[in-house]
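Student: As input, take target-v3.txt (compact mmCIF, C-alpha atoms):
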```
# COMPACT_ATOMS: atom_id res chain seq x y z
CA MET S 1 -13.65 -3.18 -0.17
CA GLY S 2 -15.10 -6.50 -1.26
CA PHE S 3 -14.03 -5.88 -4.81
CA GLU S 4 -10.45 -5.23 -3.72
CA ILE S 5 -10.43 -8.37 -1.61
CA LEU S 6 -11.41 -10.34 -4.69
CA GLN S 7 -8.70 -8.53 -6.67
CA SER S 8 -6.14 -9.47 -4.04
CA TYR S 9 -7.28 -13.11 -4.27
CA ASN S 10 -6.72 -12.84 -7.99
CA SER S 11 -3.19 -11.48 -7.60
CA LEU S 12 -2.27 -14.05 -4.97
CA PHE S 13 -3.93 -17.29 -5.98
CA LEU S 14 -4.71 -17.41 -9.68
CA SER S 15 -1.23 -17.54 -11.15
CA ASN S 16 -0.43 -21.24 -10.95
CA TRP S 17 -1.78 -24.51 -9.62
CA ARG S 18 0.39 -24.44 -6.52
CA SER S 19 -1.14 -21.12 -5.52
CA ARG S 20 -4.56 -22.61 -6.12
CA GLU S 21 -3.67 -25.39 -3.71
CA ILE S 22 -2.83 -22.78 -1.09
CA ALA S 23 -6.16 -21.08 -1.77
CA ARG S 24 -7.92 -24.40 -1.32
CA ARG S 25 -6.14 -24.85 2.00
CA LEU S 26 -7.37 -21.42 3.11
CA ASP S 27 -10.93 -22.19 1.92
CA VAL S 28 -10.82 -19.34 -0.57
CA ASN S 29 -13.45 -20.00 -3.21
CA ILE S 30 -11.39 -19.81 -6.39
CA GLY S 31 -14.29 -20.97 -8.54
CA SER S 32 -16.19 -17.78 -7.91
CA LEU S 33 -13.20 -15.82 -9.17
CA GLU S 34 -12.75 -17.88 -12.29
CA GLN S 35 -16.38 -17.34 -13.15
CA PHE S 36 -15.46 -13.72 -13.91
CA ARG S 37 -12.25 -14.54 -15.70
CA SER S 38 -12.47 -11.75 -18.23
CA ILE S 39 -12.84 -9.13 -15.53
CA PHE S 40 -10.43 -10.40 -12.95
CA LEU S 41 -7.52 -12.08 -14.65
CA HIS S 42 -4.23 -10.29 -15.16
CA ARG S 43 -4.13 -8.19 -18.27
CA GLN S 44 -0.73 -9.56 -19.11
CA ILE S 45 0.06 -12.93 -17.67
CA PHE S 46 3.79 -12.39 -17.39
CA ASP S 47 3.55 -8.87 -16.09
CA ALA S 48 4.15 -7.85 -12.50
CA PRO S 49 1.02 -7.47 -10.37
CA HIS S 50 -0.63 -4.12 -10.74
CA VAL S 51 -0.34 -2.65 -7.28
CA ASN S 52 -1.62 0.69 -8.50
CA GLU S 53 -4.99 -0.84 -9.28
CA PHE S 54 -5.59 -1.19 -5.57
CA LEU S 55 -6.91 1.73 -3.59
CA LEU S 56 -7.55 0.46 -0.08
CA PHE S 57 -5.02 -2.36 0.13
CA LYS S 58 -2.27 -0.69 -1.88
CA GLY S 59 -0.30 0.26 1.21
CA ARG S 60 -0.45 -3.26 2.59
CA ILE S 61 0.64 -4.85 -0.67
CA VAL S 62 3.47 -2.35 -0.97
CA ALA S 63 4.49 -3.14 2.62
CA LEU S 64 4.38 -6.86 1.85
CA GLN S 65 6.53 -6.37 -1.24
CA HIS S 66 8.96 -4.28 0.79
CA ARG S 67 9.06 -7.00 3.44
CA LEU S 68 9.78 -9.64 0.79
CA ALA S 69 12.40 -7.58 -1.03
CA THR S 70 14.29 -6.59 2.10
CA PHE S 71 14.07 -9.93 3.85
CA ARG S 72 17.17 -11.07 5.67
CA PRO S 73 17.56 -14.35 7.56
CA GLU S 74 16.39 -14.01 11.14
CA ARG S 75 16.85 -17.59 12.31
CA LEU S 76 19.33 -20.31 11.42
CA ALA S 77 16.77 -22.16 9.32
CA ASP S 78 16.16 -19.05 7.25
CA VAL S 79 19.74 -19.13 5.98
CA PHE S 80 19.18 -22.44 4.23
CA LYS S 81 15.67 -21.62 3.13
CA GLY S 82 16.87 -18.54 1.31
CA GLY S 83 15.38 -15.13 0.86
CA TYR S 84 13.10 -13.78 -1.83
CA ALA S 85 15.31 -11.26 -3.58
CA GLU S 86 18.80 -12.63 -3.30
CA THR S 87 21.50 -10.04 -3.71
CA ILE S 88 24.76 -10.74 -5.52
CA VAL S 89 26.62 -10.38 -2.21
CA GLN S 90 24.86 -13.40 -0.78
CA GLY S 91 25.72 -15.41 -3.87
CA VAL S 92 29.35 -14.42 -3.56
CA VAL S 93 29.35 -15.39 0.13
CA TRP S 94 27.89 -18.81 -0.61
CA PHE S 95 30.40 -19.31 -3.42
CA MET S 96 33.29 -18.48 -1.09
CA ILE S 97 31.90 -20.78 1.61
CA THR S 98 31.67 -23.59 -0.95
CA LEU S 99 35.24 -22.99 -2.08
CA VAL S 100 36.55 -23.02 1.49
CA LEU S 101 34.65 -26.21 2.26
CA LEU S 102 36.07 -27.89 -0.87
CA VAL S 103 39.62 -26.89 0.04
CA LEU S 104 39.17 -28.13 3.60
CA ALA S 105 37.68 -31.40 2.35
CA SER S 106 40.59 -31.92 -0.04
CA ILE S 107 43.13 -31.27 2.75
CA ILE S 108 41.36 -33.71 5.07
CA ALA S 109 41.13 -36.29 2.28
CA THR S 110 44.85 -35.92 1.57
CA ILE S 111 45.72 -36.41 5.22
CA VAL S 112 43.43 -39.44 5.54
CA VAL S 113 44.83 -41.03 2.37
CA ASN S 114 48.41 -40.48 3.55
CA ILE S 115 47.63 -42.07 6.91
CA VAL S 116 45.88 -45.05 5.32
CA VAL S 117 48.61 -45.62 2.70
CA ARG S 118 51.35 -45.37 5.26
CA MET D 1 -11.88 32.69 9.53
CA THR D 2 -9.95 35.87 8.90
CA MET D 3 -6.20 36.05 8.54
CA LYS D 4 -6.00 38.11 11.69
CA TYR D 5 -7.66 35.36 13.65
CA VAL D 6 -5.30 32.84 12.11
CA GLN D 7 -2.34 34.97 13.07
CA GLY D 8 -3.56 35.31 16.64
CA LEU D 9 -4.10 31.59 16.75
CA CYS D 10 -0.59 30.97 15.47
CA GLU D 11 0.93 33.37 17.94
CA THR D 12 -0.91 31.57 20.70
CA ILE D 13 0.50 28.29 19.48
CA CYS D 14 3.89 29.92 19.20
CA ALA D 15 3.63 30.98 22.82
CA LEU D 16 2.73 27.47 23.81
CA TRP D 17 5.46 25.88 21.72
CA PRO D 18 8.13 28.58 21.36
CA ASN D 19 10.15 26.98 18.60
CA GLY D 20 10.31 30.15 16.56
CA LYS D 21 8.36 33.12 15.36
CA PHE D 22 6.29 33.46 12.26
CA TYR D 23 3.80 35.72 10.57
CA ILE D 24 1.60 35.65 7.52
CA GLY D 25 2.42 38.12 4.80
CA THR D 26 -0.86 39.63 3.62
CA ASP D 27 -1.84 43.02 2.25
CA ASP D 28 -5.02 43.54 4.22
CA LEU D 29 -3.47 42.80 7.58
CA ASN D 30 -2.44 45.67 9.83
CA LEU D 31 0.76 44.50 11.41
CA ARG D 32 0.26 46.84 14.37
CA ASP D 33 -2.67 44.66 15.44
CA SER D 34 -0.29 41.81 15.94
CA MET D 35 0.82 40.86 19.40
CA THR D 36 4.40 40.37 18.24
CA PRO D 37 6.71 43.42 18.12
CA ILE D 38 6.62 45.37 14.87
CA HIS D 39 10.23 44.78 13.90
CA PHE D 40 9.50 41.10 13.71
CA HIS D 41 7.44 41.85 10.65
CA ARG D 42 10.21 43.61 8.80
CA PRO D 43 11.51 41.13 6.25
CA SER D 44 14.80 43.03 5.88
CA ALA D 45 15.90 41.77 9.30
CA ASP D 46 16.15 38.24 7.97
CA THR D 47 18.10 39.08 4.83
CA SER D 48 21.46 39.24 6.57
CA PHE D 49 22.40 37.04 9.46
CA LEU D 50 24.82 39.67 10.80
CA ILE D 51 22.20 42.43 10.81
CA ALA D 52 19.64 40.17 12.38
CA ARG D 53 22.08 39.20 15.09
CA GLU D 54 23.08 42.79 15.84
CA PHE D 55 19.72 44.49 15.79
CA ASP D 56 17.31 41.82 16.81
CA LYS D 57 17.19 42.30 20.56
CA TYR D 58 14.52 39.76 21.19
CA PHE D 59 14.31 36.04 20.46
CA THR D 60 18.06 35.58 20.17
CA ASP D 61 17.42 31.90 20.69
CA THR D 62 15.73 30.79 17.51
CA GLY D 63 14.78 27.44 18.96
CA LEU D 64 15.08 24.10 17.29
CA LEU D 65 13.49 25.03 14.01
CA GLY D 66 14.66 28.61 13.60
CA HIS D 67 12.62 31.59 12.46
CA VAL D 68 9.80 30.71 10.18
CA ILE D 69 8.10 32.92 7.64
CA ALA D 70 4.90 31.13 6.78
CA SER D 71 3.76 31.11 3.22
CA ASP D 72 1.81 27.91 3.65
CA TYR D 73 -0.48 26.59 6.35
CA ARG D 74 1.86 23.63 6.89
CA GLN D 75 4.72 25.99 7.65
CA LEU D 76 2.35 27.94 9.86
CA PHE D 77 1.86 25.00 12.20
CA ARG D 78 5.40 23.73 11.90
CA GLY D 79 6.38 24.76 15.38
CA ALA D 80 3.41 23.09 16.97
CA PHE D 81 3.19 20.02 14.76
CA PRO D 82 6.61 19.25 13.31
CA PHE D 83 5.41 15.98 11.77
CA LEU D 84 3.21 17.98 9.42
CA MET D 85 6.34 19.05 7.55
CA ASP D 86 6.57 15.52 6.22
CA LEU D 87 3.36 16.04 4.28
CA GLY D 88 4.94 18.51 1.92
CA GLN D 89 7.90 16.34 1.06
CA GLU D 90 7.97 14.20 -2.02
CA ILE D 91 7.75 10.47 -1.47
CA PRO D 92 11.00 8.82 -2.56
CA PRO D 93 10.49 6.50 -5.53
CA ARG D 94 10.29 2.80 -4.79
CA PRO D 95 13.22 0.72 -5.96
CA ASP D 96 12.50 -1.52 -8.92
CA ARG D 97 13.34 -4.60 -6.91
CA GLU D 98 10.37 -3.93 -4.64
CA LYS D 99 8.09 -2.75 -7.41
CA ASP D 100 8.57 -5.92 -9.43
CA MET D 101 8.39 -8.23 -6.44
CA CYS D 102 6.00 -11.06 -7.17
CA ILE D 103 3.15 -11.53 -4.72
CA ASP D 104 2.13 -14.95 -5.90
CA ALA D 105 1.06 -17.14 -2.98
CA TRP D 106 3.32 -20.05 -3.85
CA TYR D 107 6.31 -17.77 -4.28
CA ILE D 108 5.66 -16.21 -0.88
CA GLU D 109 5.23 -19.59 0.82
CA LYS D 110 8.42 -20.82 -0.83
CA GLY D 111 10.26 -18.63 1.68
CA VAL D 112 9.59 -18.09 5.33
CA PHE D 113 6.17 -16.45 5.15
CA ARG D 114 2.98 -18.48 5.48
CA PHE D 115 -0.61 -17.64 4.70
CA GLU D 116 -3.17 -17.82 7.45
CA ARG D 117 -6.87 -17.20 7.12
CA THR D 118 -8.64 -14.63 9.23
CA THR D 119 -12.23 -13.53 9.63
CA PHE D 120 -11.29 -9.89 10.27
CA VAL D 121 -11.19 -7.60 7.25
CA ARG D 122 -8.87 -5.23 9.06
CA GLU D 123 -6.18 -7.94 9.12
CA HIS D 124 -6.32 -8.70 5.40
CA LEU D 125 -2.81 -8.81 3.84
CA LEU D 126 -1.11 -7.89 7.11
CA VAL D 127 1.96 -9.79 8.29
CA ASP D 128 1.95 -10.74 11.95
CA SER D 129 4.88 -11.34 14.28
CA ASN D 130 4.93 -15.05 13.42
CA ARG D 131 5.57 -14.14 9.78
CA GLN D 132 2.10 -15.20 8.76
CA VAL D 133 0.29 -13.23 6.08
CA ARG D 134 -3.35 -12.91 7.08
CA ILE D 135 -5.91 -13.48 4.34
CA TYR D 136 -9.50 -12.49 4.91
CA VAL D 137 -11.87 -15.31 4.03
CA ASP D 138 -15.58 -14.83 4.53
CA GLU D 139 -18.28 -17.44 4.53
CA PHE D 140 -20.73 -15.06 2.90
CA ASP D 141 -21.73 -16.44 -0.45
CA GLY D 142 -22.85 -13.08 -1.80
CA THR D 143 -19.33 -11.72 -2.10
CA LYS D 144 -18.97 -13.24 -5.54
CA TYR D 145 -21.87 -11.15 -6.77
CA LEU D 146 -20.06 -7.92 -5.97
CA VAL D 147 -19.05 -7.67 -9.62
CA TYR D 148 -22.72 -7.05 -10.35
CA PHE D 149 -22.65 -3.91 -8.20
CA ASN D 150 -23.91 -1.65 -10.99
CA HIS D 151 -26.37 -4.15 -12.37
CA ARG D 152 -30.03 -4.73 -11.89
CA ILE D 153 -30.43 -8.45 -11.51
CA ALA D 154 -33.59 -9.88 -12.99
CA ARG D 155 -34.64 -13.29 -14.16
CA LEU D 156 -36.27 -13.85 -17.50
CA PRO D 157 -39.63 -15.61 -17.26
CA SER D 158 -38.56 -18.52 -19.43
CA PRO D 159 -35.21 -19.79 -20.74
CA HIS D 160 -36.35 -19.81 -24.37
CA PHE D 161 -36.93 -16.06 -24.15
CA SER D 162 -33.28 -15.56 -23.49
CA ASP D 163 -32.40 -14.91 -27.12
CA SER D 164 -34.94 -12.22 -27.70
CA ARG D 165 -33.31 -8.84 -27.46
CA ALA D 166 -36.69 -7.10 -27.43
CA LEU D 167 -37.42 -8.31 -23.93
CA ILE D 168 -34.06 -6.99 -22.77
CA TYR D 169 -34.86 -3.63 -24.29
CA ILE D 170 -38.23 -3.58 -22.52
CA TRP D 171 -36.43 -4.33 -19.24
CA GLN D 172 -33.94 -1.54 -19.93
CA ILE D 173 -36.69 0.95 -20.76
CA LEU D 174 -38.63 0.00 -17.63
CA GLY D 175 -35.48 0.26 -15.56
CA ALA D 176 -34.60 3.63 -17.06
CA ILE D 177 -38.07 4.94 -16.34
CA SER D 178 -38.11 3.69 -12.78
CA HIS D 179 -34.53 4.67 -11.96
CA GLY D 180 -34.34 7.97 -13.76
CA PHE D 181 -32.10 7.06 -16.69
CA ARG D 182 -29.09 6.34 -14.56
CA ASP D 183 -26.13 4.48 -15.95
CA PHE D 184 -26.61 0.83 -15.19
CA ALA D 185 -26.71 -2.46 -16.99
CA ILE D 186 -29.11 -5.36 -16.83
CA LEU D 187 -27.71 -8.77 -16.14
CA GLN D 188 -29.16 -11.40 -18.39
CA LEU D 189 -29.61 -14.61 -16.42
CA SER D 190 -30.03 -17.12 -19.19
CA LEU D 191 -27.27 -19.67 -18.77
CA PRO D 192 -28.11 -22.74 -16.67
CA PHE D 193 -25.69 -21.97 -13.85
CA GLN D 194 -27.00 -18.40 -13.70
CA LEU D 195 -30.56 -19.62 -13.32
CA GLU D 196 -29.47 -21.46 -10.20
CA ILE D 197 -28.80 -18.19 -8.41
CA PRO D 198 -31.33 -18.10 -5.55
```
I need this file expressed as structure tokens, please.
Tutor:
Amino acid sequence: MGFEILQSYNSLFLSNWRSREIARRLDVNIGSLEQFRSIFLHRQIFDAPHVNEFLLFKGRIVALQHRLATFRPERLADVFKGGYAETIVQGVVWFMITLVLLVLASIIATIVVNIVVR
Amino acid sequence: MTMKYVQGLCETICALWPNGKFYIGTDDLNLRDSMTPIHFHRPSADTSFLIAREFDKYFTDTGLLGHVIASDYRQLFRGAFPFLMDLGQEIPPRPDREKDMCIDAWYIEKGVFRFERTTFVREHLLVDSNRQVRIYVDEFDGTKYLVYFNHRIARLPSPHFSDSRALIYIWQILGAISHGFRDFAILQLSLPFQLEIP
């Protein structure tokens, strides 16, 4: 149990300095993890986290990954914050919204310019 | 537990939850000892739906699950515990998008989820209704020594003995004698920060 908790700290907080900042905020002792660097660090830095290495917390990590992958905006602020795994459909929707806004802006600008010039 | 007892047990369950009928096909079982009528045990009745409908006078209503011939204990209890049928099914493979999803803390906090510390182990890595991922943080300083689970921790009498392998061997021999030659390693506490371990 304790070993897997340390492993989960490793997967969550040891990848970059921003994650270390989060660990510091949570009072997770990163130094004790780095002391055992050879044991704990990812085998391949750019590889995906090894969920299969977990025994007790595997289900929770899988559930968390599922939650991240299938996240959809629930509140208005979530729309602008963006999801984790953006699908191509969302990109297309935003592209269309941008196009419509540009067309509307150009129409309004044309009307305003015509009124001002006249 | 004999098969006859199992069959009686199953028939009892079947009477309590009459979703179907079933029997266990075994050689050493006398079917006449069964409480169910004998023609229920004739497998030829199930080969043709028409024949079964014409000649099967009893149990015309097969129930929700239909007639069951049990070849497995999970099928045996299917009528009573339908959720057990899920155990035999293969788990669908996870999509790659989920499998490769990064669980880096900064990446997670870049979106809507936030990390929150908890002192309960049972809440570790769970997401609550406020979209906060609970992280178990303990104040116990000994957690970091869990990596030495299979080690015998001992301190050398003096730092300048740290290079002598003979002393390590003596420790290993003594440890093997006292612990019955089990597989373990001895941690050599020679570096300055290791000597500070209380």
Student: Sorted by chain and rising residue number, which residues of chain D lie within 7 Å of chain S, and what are their closest atom pairs and distances in Å to one decimal, counting all atoms listed in the file, as CSV?
Tutor:
```
residue,atom,partner,partner_atom,distance
D:Arg97,CA,S:Ala69,CA,6.7
D:Glu98,CA,S:Ala69,CA,5.5
D:Asp100,CA,S:Ala48,CA,5.7
D:Met101,CA,S:Gln65,CA,5.8
D:Cys102,CA,S:Ala48,CA,6.5
D:Ile103,CA,S:Leu12,CA,6.0
D:Asp104,CA,S:Leu12,CA,4.6
D:Ala105,CA,S:Leu12,CA,5.0
D:Trp106,CA,S:Ser19,CA,4.9
D:Gly111,CA,S:Gly83,CA,6.3
D:Val112,CA,S:Asp78,CA,6.9
D:Arg117,CA,S:Leu26,CA,5.8
D:Leu125,CA,S:Arg60,CA,6.2
D:Leu126,CA,S:Arg60,CA,6.5
D:Val137,CA,S:Val28,CA,6.2
D:Thr143,CA,S:Gly2,CA,6.8
D:Lys144,CA,S:Ser32,CA,5.8
D:Leu146,CA,S:Phe3,CA,6.5
```
Student: Tell me, in Å to one decimal, how far CA of Phe120 in chain D is from CA of Asp138 in chain D.
Tutor: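 Taking CA of Phe120 in chain D and CA of Asp138 in chain D, their separation equals 8.7 Å.
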Student: To one decimal in Å, tell me the separation between CA of Val103 in chain S and CA of Thr87 in chain S.
Tutor: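 Rounded to one decimal, the two atoms are 25.0 Å apart.
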Student: Please report the interatomic distance between CA of Arg114 in chain D and CA of Glu139 in chain D in Å with one decimal.
Tutor: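 Computed distance, CA of Arg114 in chain D to CA of Glu139 in chain D, equals 21.3 Å.
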